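Enquirer: So here's query.csv (CSV, N, CA and C atoms).
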chain,number,residue,atom,x,y,z
A,98,MET,N,-1.4,8.7,24.0
A,98,MET,CA,-0.8,7.4,24.0
A,98,MET,C,0.7,7.5,24.0
A,99,THR,N,1.3,6.7,24.8
A,99,THR,CA,2.8,6.8,24.9
A,99,THR,C,3.5,5.9,23.9
A,100,LEU,N,4.8,6.1,23.7
A,100,LEU,CA,5.5,5.2,22.8
A,100,LEU,C,5.5,3.8,23.3
A,101,ARG,N,5.5,3.6,24.6
A,101,ARG,CA,5.4,2.3,25.2
A,101,ARG,C,4.1,1.6,24.8
A,102,ASN,N,3.0,2.3,24.9
A,102,ASN,CA,1.7,1.8,24.5
A,102,ASN,C,1.6,1.5,23.0
A,103,ILE,N,2.2,2.3,22.2
A,103,ILE,CA,2.2,2.1,20.8
A,103,ILE,C,3.0,0.9,20.5
A,104,SER,N,4.2,0.7,21.1
A,104,SER,CA,5.0,-0.4,20.9
A,104,SER,C,4.3,-1.7,21.3
A,105,ALA,N,3.6,-1.7,22.4
A,105,ALA,CA,2.8,-2.8,22.9
A,105,ALA,C,1.7,-3.2,21.9
A,106,CYS,N,1.0,-2.2,21.4
A,106,CYS,CA,0.0,-2.5,20.4
A,106,CYS,C,0.6,-3.1,19.1
A,107,VAL,N,1.7,-2.6,18.7
A,107,VAL,CA,2.3,-3.2,17.5
A,107,VAL,C,2.7,-4.7,17.7
A,108,ARG,N,3.3,-4.9,18.9
A,108,ARG,CA,3.7,-6.2,19.3
A,108,ARG,C,2.6,-7.2,19.4
A,109,GLN,N,1.5,-6.7,20.0
A,109,GLN,CA,0.3,-7.6,20.0
A,109,GLN,C,-0.3,-7.9,18.7
A,110,TYR,N,-0.3,-6.9,17.8
A,110,TYR,CA,-0.7,-7.1,16.4
A,110,TYR,C,0.1,-8.1,15.7
A,111,LEU,N,1.5,-8.0,15.8
A,111,LEU,CA,2.3,-8.9,15.1
A,111,LEU,C,2.2,-10.3,15.7
A,112,ALA,N,2.1,-10.4,17.0
A,112,ALA,CA,1.9,-11.7,17.6
A,112,ALA,C,0.6,-12.4,17.1
A,113,ALA,N,-0.5,-11.6,17.0
A,113,ALA,CA,-1.7,-12.1,16.5
A,113,ALA,C,-1.6,-12.6,15.1
A,114,LEU,N,-0.9,-11.9,14.3
A,114,LEU,CA,-0.7,-12.3,12.9
A,114,LEU,C,0.1,-13.6,12.8
A,115,GLY,N,1.1,-13.7,13.7
A,115,GLY,CA,1.9,-15.0,13.7
A,115,GLY,C,1.0,-16.1,14.2
A,116,GLU,N,0.2,-15.9,15.2
A,116,GLU,CA,-0.7,-16.9,15.7
A,116,GLU,C,-1.7,-17.3,14.7
A,117,ALA,N,-2.1,-16.4,13.8
A,117,ALA,CA,-3.0,-16.7,12.7
A,117,ALA,C,-2.4,-17.4,11.5
A,118,GLY,N,-1.1,-17.6,11.6
A,118,GLY,CA,-0.4,-18.4,10.5
A,118,GLY,C,0.4,-17.5,9.5
A,119,ARG,N,0.4,-16.2,9.7
A,119,ARG,CA,1.3,-15.4,8.9
A,119,ARG,C,2.8,-15.7,9.2
A,120,ASP,N,3.6,-15.8,8.2
A,120,ASP,CA,5.0,-16.1,8.4
A,120,ASP,C,5.7,-14.8,8.9
A,121,PRO,N,6.3,-14.9,10.1
A,121,PRO,CA,7.0,-13.7,10.7
A,121,PRO,C,8.2,-13.3,9.8
A,122,ALA,N,8.7,-14.2,9.0
A,122,ALA,CA,9.8,-13.8,8.1
A,122,ALA,C,9.4,-12.7,7.1
A,123,LEU,N,8.1,-12.6,6.9
A,123,LEU,CA,7.6,-11.7,5.9
A,123,LEU,C,7.3,-10.3,6.6
A,124,PHE,N,7.5,-10.2,7.9
A,124,PHE,CA,7.3,-8.9,8.6
A,124,PHE,C,8.5,-8.1,8.5
A,125,VAL,N,8.8,-7.7,7.3
A,125,VAL,CA,10.1,-6.9,7.0
A,125,VAL,C,9.9,-5.4,7.2
A,126,SER,N,8.7,-4.9,7.1
A,126,SER,CA,8.4,-3.5,7.3
A,126,SER,C,7.0,-3.3,7.7
A,127,LEU,N,6.7,-2.2,8.3
A,127,LEU,CA,5.3,-1.9,8.7
A,127,LEU,C,4.4,-1.8,7.5
A,128,LYS,N,5.0,-1.3,6.4
A,128,LYS,CA,4.2,-1.3,5.1
A,128,LYS,C,3.8,-2.7,4.7
A,129,ALA,N,4.6,-3.7,4.9
A,129,ALA,CA,4.3,-5.0,4.5
A,129,ALA,C,3.2,-5.7,5.4
A,130,VAL,N,3.1,-5.3,6.6
A,130,VAL,CA,2.2,-6.0,7.5
A,130,VAL,C,0.9,-5.2,7.9
A,131,ILE,N,0.9,-3.9,7.7
A,131,ILE,CA,-0.3,-3.1,8.0
A,131,ILE,C,-1.1,-3.0,6.7
A,132,THR,N,-2.0,-4.0,6.6
A,132,THR,CA,-2.9,-4.0,5.4
A,132,THR,C,-4.3,-4.3,6.0
A,133,ALA,N,-5.3,-3.9,5.3
A,133,ALA,CA,-6.7,-4.1,5.8
A,133,ALA,C,-6.9,-5.6,6.1
A,134,GLU,N,-6.5,-6.5,5.2
A,134,GLU,CA,-6.7,-7.9,5.4
A,134,GLU,C,-6.0,-8.4,6.7
A,135,ASN,N,-4.8,-7.9,6.9
A,135,ASN,CA,-4.1,-8.3,8.1
A,135,ASN,C,-4.7,-7.8,9.4
A,136,ILE,N,-5.1,-6.5,9.3
A,136,ILE,CA,-5.8,-5.9,10.5
A,136,ILE,C,-7.0,-6.7,10.9
A,137,LYS,N,-7.8,-7.1,9.9
A,137,LYS,CA,-9.0,-7.9,10.1
A,137,LYS,C,-8.7,-9.2,10.7
A,138,LEU,N,-7.7,-9.9,10.2
A,138,LEU,CA,-7.2,-11.2,10.6
A,138,LEU,C,-6.7,-11.1,12.1
A,139,ALA,N,-5.9,-10.1,12.4
A,139,ALA,CA,-5.4,-10.0,13.7
A,139,ALA,C,-6.5,-9.7,14.7
A,140,GLY,N,-7.4,-8.8,14.3
A,140,GLY,CA,-8.6,-8.5,15.2
A,140,GLY,C,-9.4,-9.8,15.5
A,141,GLN,N,-9.7,-10.6,14.5
A,141,GLN,CA,-10.4,-11.8,14.7
A,141,GLN,C,-9.6,-12.8,15.6
A,142,THR,N,-8.3,-12.8,15.4
A,142,THR,CA,-7.5,-13.7,16.2
A,142,THR,C,-7.5,-13.3,17.7
A,143,ILE,N,-7.3,-12.0,17.9
A,143,ILE,CA,-7.3,-11.5,19.3
A,143,ILE,C,-8.7,-11.7,19.9
A,144,ASP,N,-9.7,-11.5,19.2
A,144,ASP,CA,-11.1,-11.7,19.7
A,144,ASP,C,-11.3,-13.1,20.1
A,145,ALA,N,-10.9,-14.0,19.2
A,145,ALA,CA,-11.1,-15.5,19.4
A,145,ALA,C,-10.4,-16.1,20.6
A,146,ARG,N,-9.2,-15.5,20.9
A,146,ARG,CA,-8.4,-16.1,22.0
A,146,ARG,C,-8.7,-15.5,23.3
A,147,SER,N,-9.5,-14.5,23.4
A,147,SER,CA,-9.7,-13.8,24.6
A,147,SER,C,-11.2,-13.9,25.1
A,148,ASP,N,-11.4,-14.1,26.3
A,148,ASP,CA,-12.7,-14.1,26.9
A,148,ASP,C,-12.9,-12.9,27.8
A,149,SER,N,-12.0,-12.0,27.7
A,149,SER,CA,-12.0,-10.7,28.5
A,149,SER,C,-13.1,-9.8,28.0
A,150,ALA,N,-13.7,-9.1,29.0
A,150,ALA,CA,-14.7,-8.1,28.6
A,150,ALA,C,-14.1,-6.9,27.9
A,151,HIS,N,-12.8,-6.8,28.1
A,151,HIS,CA,-12.1,-5.6,27.5
A,151,HIS,C,-11.4,-5.8,26.2
A,152,VAL,N,-11.7,-7.0,25.6
A,152,VAL,CA,-11.1,-7.3,24.3
A,152,VAL,C,-11.4,-6.3,23.2
A,153,ARG,N,-12.6,-5.8,23.1
A,153,ARG,CA,-13.0,-4.9,22.1
A,153,ARG,C,-12.2,-3.6,22.2
A,154,ALA,N,-12.0,-3.1,23.5
A,154,ALA,CA,-11.2,-1.9,23.7
A,154,ALA,C,-9.7,-2.2,23.3
A,155,THR,N,-9.2,-3.3,23.5
A,155,THR,CA,-7.9,-3.7,23.1
A,155,THR,C,-7.7,-3.7,21.6
A,156,ILE,N,-8.7,-4.3,20.9
A,156,ILE,CA,-8.7,-4.3,19.5
A,156,ILE,C,-8.8,-2.9,18.9
A,157,HIS,N,-9.7,-2.1,19.5
A,157,HIS,CA,-9.8,-0.7,19.1
A,157,HIS,C,-8.5,0.1,19.2
A,158,ASN,N,-7.8,-0.1,20.3
A,158,ASN,CA,-6.6,0.6,20.5
A,158,ASN,C,-5.5,0.2,19.5
A,159,ILE,N,-5.4,-1.1,19.3
A,159,ILE,CA,-4.5,-1.6,18.3
A,159,ILE,C,-4.8,-1.0,16.9
A,160,VAL,N,-6.0,-1.1,16.5
A,160,VAL,CA,-6.4,-0.6,15.2
A,160,VAL,C,-6.2,0.9,15.1
A,161,ALA,N,-6.4,1.7,16.2
A,161,ALA,CA,-6.2,3.1,16.2
A,161,ALA,C,-4.7,3.4,15.9
A,162,VAL,N,-3.9,2.6,16.6
A,162,VAL,CA,-2.4,2.8,16.4
A,162,VAL,C,-2.0,2.5,15.0
A,163,LEU,N,-2.5,1.4,14.4
A,163,LEU,CA,-2.2,1.0,13.1
A,163,LEU,C,-2.6,2.1,12.1
A,164,ILE,N,-3.8,2.6,12.3
A,164,ILE,CA,-4.3,3.7,11.4
A,164,ILE,C,-3.4,4.9,11.4
A,165,ALA,N,-3.0,5.3,12.7
A,165,ALA,CA,-2.2,6.4,12.8
A,165,ALA,C,-0.8,6.2,12.1
A,166,ILE,N,-0.3,5.0,12.2
A,166,ILE,CA,1.0,4.7,11.6
A,166,ILE,C,0.8,4.8,10.0
A,167,ALA,N,-0.3,4.2,9.5
A,167,ALA,CA,-0.5,4.3,8.1
A,167,ALA,C,-0.7,5.7,7.6
A,168,ARG,N,-1.5,6.5,8.4
A,168,ARG,CA,-1.7,7.9,8.0
A,168,ARG,C,-0.4,8.7,8.0
A,169,HIS,N,0.5,8.4,8.9
A,169,HIS,CA,1.8,9.1,9.0
A,169,HIS,C,2.6,8.7,7.8
A,170,HIS,N,2.6,7.4,7.5
A,170,HIS,CA,3.4,6.9,6.3
A,170,HIS,C,2.9,7.5,5.0
A,171,LEU,N,1.6,7.7,4.9
A,171,LEU,CA,1.0,8.3,3.7
A,171,LEU,C,1.1,9.8,3.7
A,172,LYS,N,1.6,10.4,4.8
A,172,LYS,CA,1.6,11.8,5.0
A,172,LYS,C,0.2,12.5,4.9
A,173,LEU,N,-0.7,11.8,5.5
A,173,LEU,CA,-2.1,12.4,5.6
A,173,LEU,C,-2.2,13.2,6.9
A,174,PRO,N,-3.1,14.1,6.9
A,174,PRO,CA,-3.3,14.9,8.1
A,174,PRO,C,-3.9,14.0,9.3
A,175,ARG,N,-3.6,14.4,10.5
A,175,ARG,CA,-4.1,13.7,11.6
A,175,ARG,C,-5.6,13.7,11.6
A,176,SER,N,-6.2,12.5,12.1
A,176,SER,CA,-7.6,12.4,12.2
A,176,SER,C,-8.1,13.1,13.4
A,177,ASN,N,-9.3,13.7,13.4
A,177,ASN,CA,-9.9,14.4,14.5
A,177,ASN,C,-10.6,13.4,15.5
A,178,SER,N,-10.7,12.2,15.1
A,178,SER,CA,-11.4,11.2,15.9
A,178,SER,C,-10.5,10.4,16.8
Produce structure tokens that represent the structure in this file.

Expert:
Amino acid sequence: MTLRNISACVRQYLAALGEAGRDPALFVSLKAVITAENIKLAGQTIDARSDSAHVRATIHNIVAVLIAIARHHLKLPRSNS
């Protein structure tokens, strides 16, 4: 995955949170926005607004990026999956 793709995933995630009613003023750090509750909310929002057959792959990619960011922040080893 490229930095461009990672950036796009994070932007889609943040846009979905905003669409779901989260206040963008609270998006002060990745730590503040990458939570299990927010990931679930963003996934549901993206799924609800899209009728594309590829929406599950999109959600999967976004969640994979968010997990990688969280693992990096926590200094955990890379996942093999």

Enquirer: Find, counting only C-alpha atoms, the residue in A:Val125, A:Cys106, A:Leu100, A:Ala139 that gets nearest to A:Asn158.

Expert: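 That would be A:Cys106, the residue with the smallest distance to A:Asn158.
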
Enquirer: Give me the residues near A:Leu127 as a ChimeraX atom specification, where near means some atom within 10 Å (using only C-alpha atoms) and where sequence neighbours in that chain fewer than 6 positions away do not count.

Expert: /A:107,111,163,166-167,170

Enquirer: Looking only at helix (DSSP H, G or I) from DSSP on the backbone, list the matching residues of stretch 99-167 of chain A as a PyMOL selection string.

Expert: chain A and resi 100-116+121-123+127-130+133-146+152-167

Enquirer: Kindly indicate which residue among A:Arg119, A:Lys137, A:Lys128, A:Arg101 lies nearest to A:Val160, using only C-alpha atoms for the distances.

Expert: A:Lys137

Enquirer: May I have the residues at most 10 Å from (-7.8, -3.2, 21.0) in the file's coordinates, counting only C-alpha atoms, as an mmCIF file with N, CA and C atoms, in the coordinates of the input?

Expert:
data_model
loop_
_atom_site.group_PDB
_atom_site.id
_atom_site.type_symbol
_atom_site.label_atom_id
_atom_site.label_comp_id
_atom_site.auth_asym_id
_atom_site.auth_seq_id
_atom_site.Cartn_x
_atom_site.Cartn_y
_atom_site.Cartn_z
ATOM 1 N N CYS A 106 1.000 -2.200 21.400
ATOM 2 C CA CYS A 106 0.000 -2.500 20.400
ATOM 3 C C CYS A 106 0.600 -3.100 19.100
ATOM 4 N N GLN A 109 1.500 -6.700 20.000
ATOM 5 C CA GLN A 109 0.300 -7.600 20.000
ATOM 6 C C GLN A 109 -0.300 -7.900 18.700
ATOM 7 N N TYR A 110 -0.300 -6.900 17.800
ATOM 8 C CA TYR A 110 -0.700 -7.100 16.400
ATOM 9 C C TYR A 110 0.100 -8.100 15.700
ATOM 10 N N GLY A 140 -7.400 -8.800 14.300
ATOM 11 C CA GLY A 140 -8.600 -8.500 15.200
ATOM 12 C C GLY A 140 -9.400 -9.800 15.500
ATOM 13 N N ILE A 143 -7.300 -12.000 17.900
ATOM 14 C CA ILE A 143 -7.300 -11.500 19.300
ATOM 15 C C ILE A 143 -8.700 -11.700 19.900
ATOM 16 N N ASP A 144 -9.700 -11.500 19.200
ATOM 17 C CA ASP A 144 -11.100 -11.700 19.700
ATOM 18 C C ASP A 144 -11.300 -13.100 20.100
ATOM 19 N N HIS A 151 -12.800 -6.800 28.100
ATOM 20 C CA HIS A 151 -12.100 -5.600 27.500
ATOM 21 C C HIS A 151 -11.400 -5.800 26.200
ATOM 22 N N VAL A 152 -11.700 -7.000 25.600
ATOM 23 C CA VAL A 152 -11.100 -7.300 24.300
ATOM 24 C C VAL A 152 -11.400 -6.300 23.200
ATOM 25 N N ARG A 153 -12.600 -5.800 23.100
ATOM 26 C CA ARG A 153 -13.000 -4.900 22.100
ATOM 27 C C ARG A 153 -12.200 -3.600 22.200
ATOM 28 N N ALA A 154 -12.000 -3.100 23.500
ATOM 29 C CA ALA A 154 -11.200 -1.900 23.700
ATOM 30 C C ALA A 154 -9.700 -2.200 23.300
ATOM 31 N N THR A 155 -9.200 -3.300 23.500
ATOM 32 C CA THR A 155 -7.900 -3.700 23.100
ATOM 33 C C THR A 155 -7.700 -3.700 21.600
ATOM 34 N N ILE A 156 -8.700 -4.300 20.900
ATOM 35 C CA ILE A 156 -8.700 -4.300 19.500
ATOM 36 C C ILE A 156 -8.800 -2.900 18.900
ATOM 37 N N HIS A 157 -9.700 -2.100 19.500
ATOM 38 C CA HIS A 157 -9.800 -0.700 19.100
ATOM 39 C C HIS A 157 -8.500 0.100 19.200
ATOM 40 N N ASN A 158 -7.800 -0.100 20.300
ATOM 41 C CA ASN A 158 -6.600 0.600 20.500
ATOM 42 C C ASN A 158 -5.500 0.200 19.500
ATOM 43 N N ILE A 159 -5.400 -1.100 19.300
ATOM 44 C CA ILE A 159 -4.500 -1.600 18.300
ATOM 45 C C ILE A 159 -4.800 -1.000 16.900
ATOM 46 N N VAL A 160 -6.000 -1.100 16.500
ATOM 47 C CA VAL A 160 -6.400 -0.600 15.200
ATOM 48 C C VAL A 160 -6.200 0.900 15.100
ATOM 49 N N ALA A 161 -6.400 1.700 16.200
ATOM 50 C CA ALA A 161 -6.200 3.100 16.200
ATOM 51 C C ALA A 161 -4.700 3.400 15.900
ATOM 52 N N VAL A 162 -3.900 2.600 16.600
ATOM 53 C CA VAL A 162 -2.400 2.800 16.400
ATOM 54 C C VAL A 162 -2.000 2.500 15.000
#

Enquirer: What is the atom CA of A:Ala129 to atom N of A:Leu114 distance in Å?

Expert: 13.1 Å

Enquirer: Record the distance separating atom CA of A:His169 and atom CA of A:Ala113, expressed in Å with one decimal.

Expert: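 Going from atom CA of A:His169 over to atom CA of A:Ala113, I get 22.8 Å.
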
Enquirer: When distances are computed from only C-alpha atoms, which of A:Ile103, A:Gly115, A:Val130, A:Ala122 shows the smallest separation from A:Ala165?

Expert: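 Counting only C-alpha atoms, the residue closest to A:Ala165 is A:Ile103.
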
Enquirer: Grab the atom CA of A:Ser104 to atom CA of A:Arg146 distance for me, in Å with one decimal place.

Expert: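 Taking atom CA of A:Ser104 as the start and atom CA of A:Arg146 as the end point, the length is 20.7 Å.
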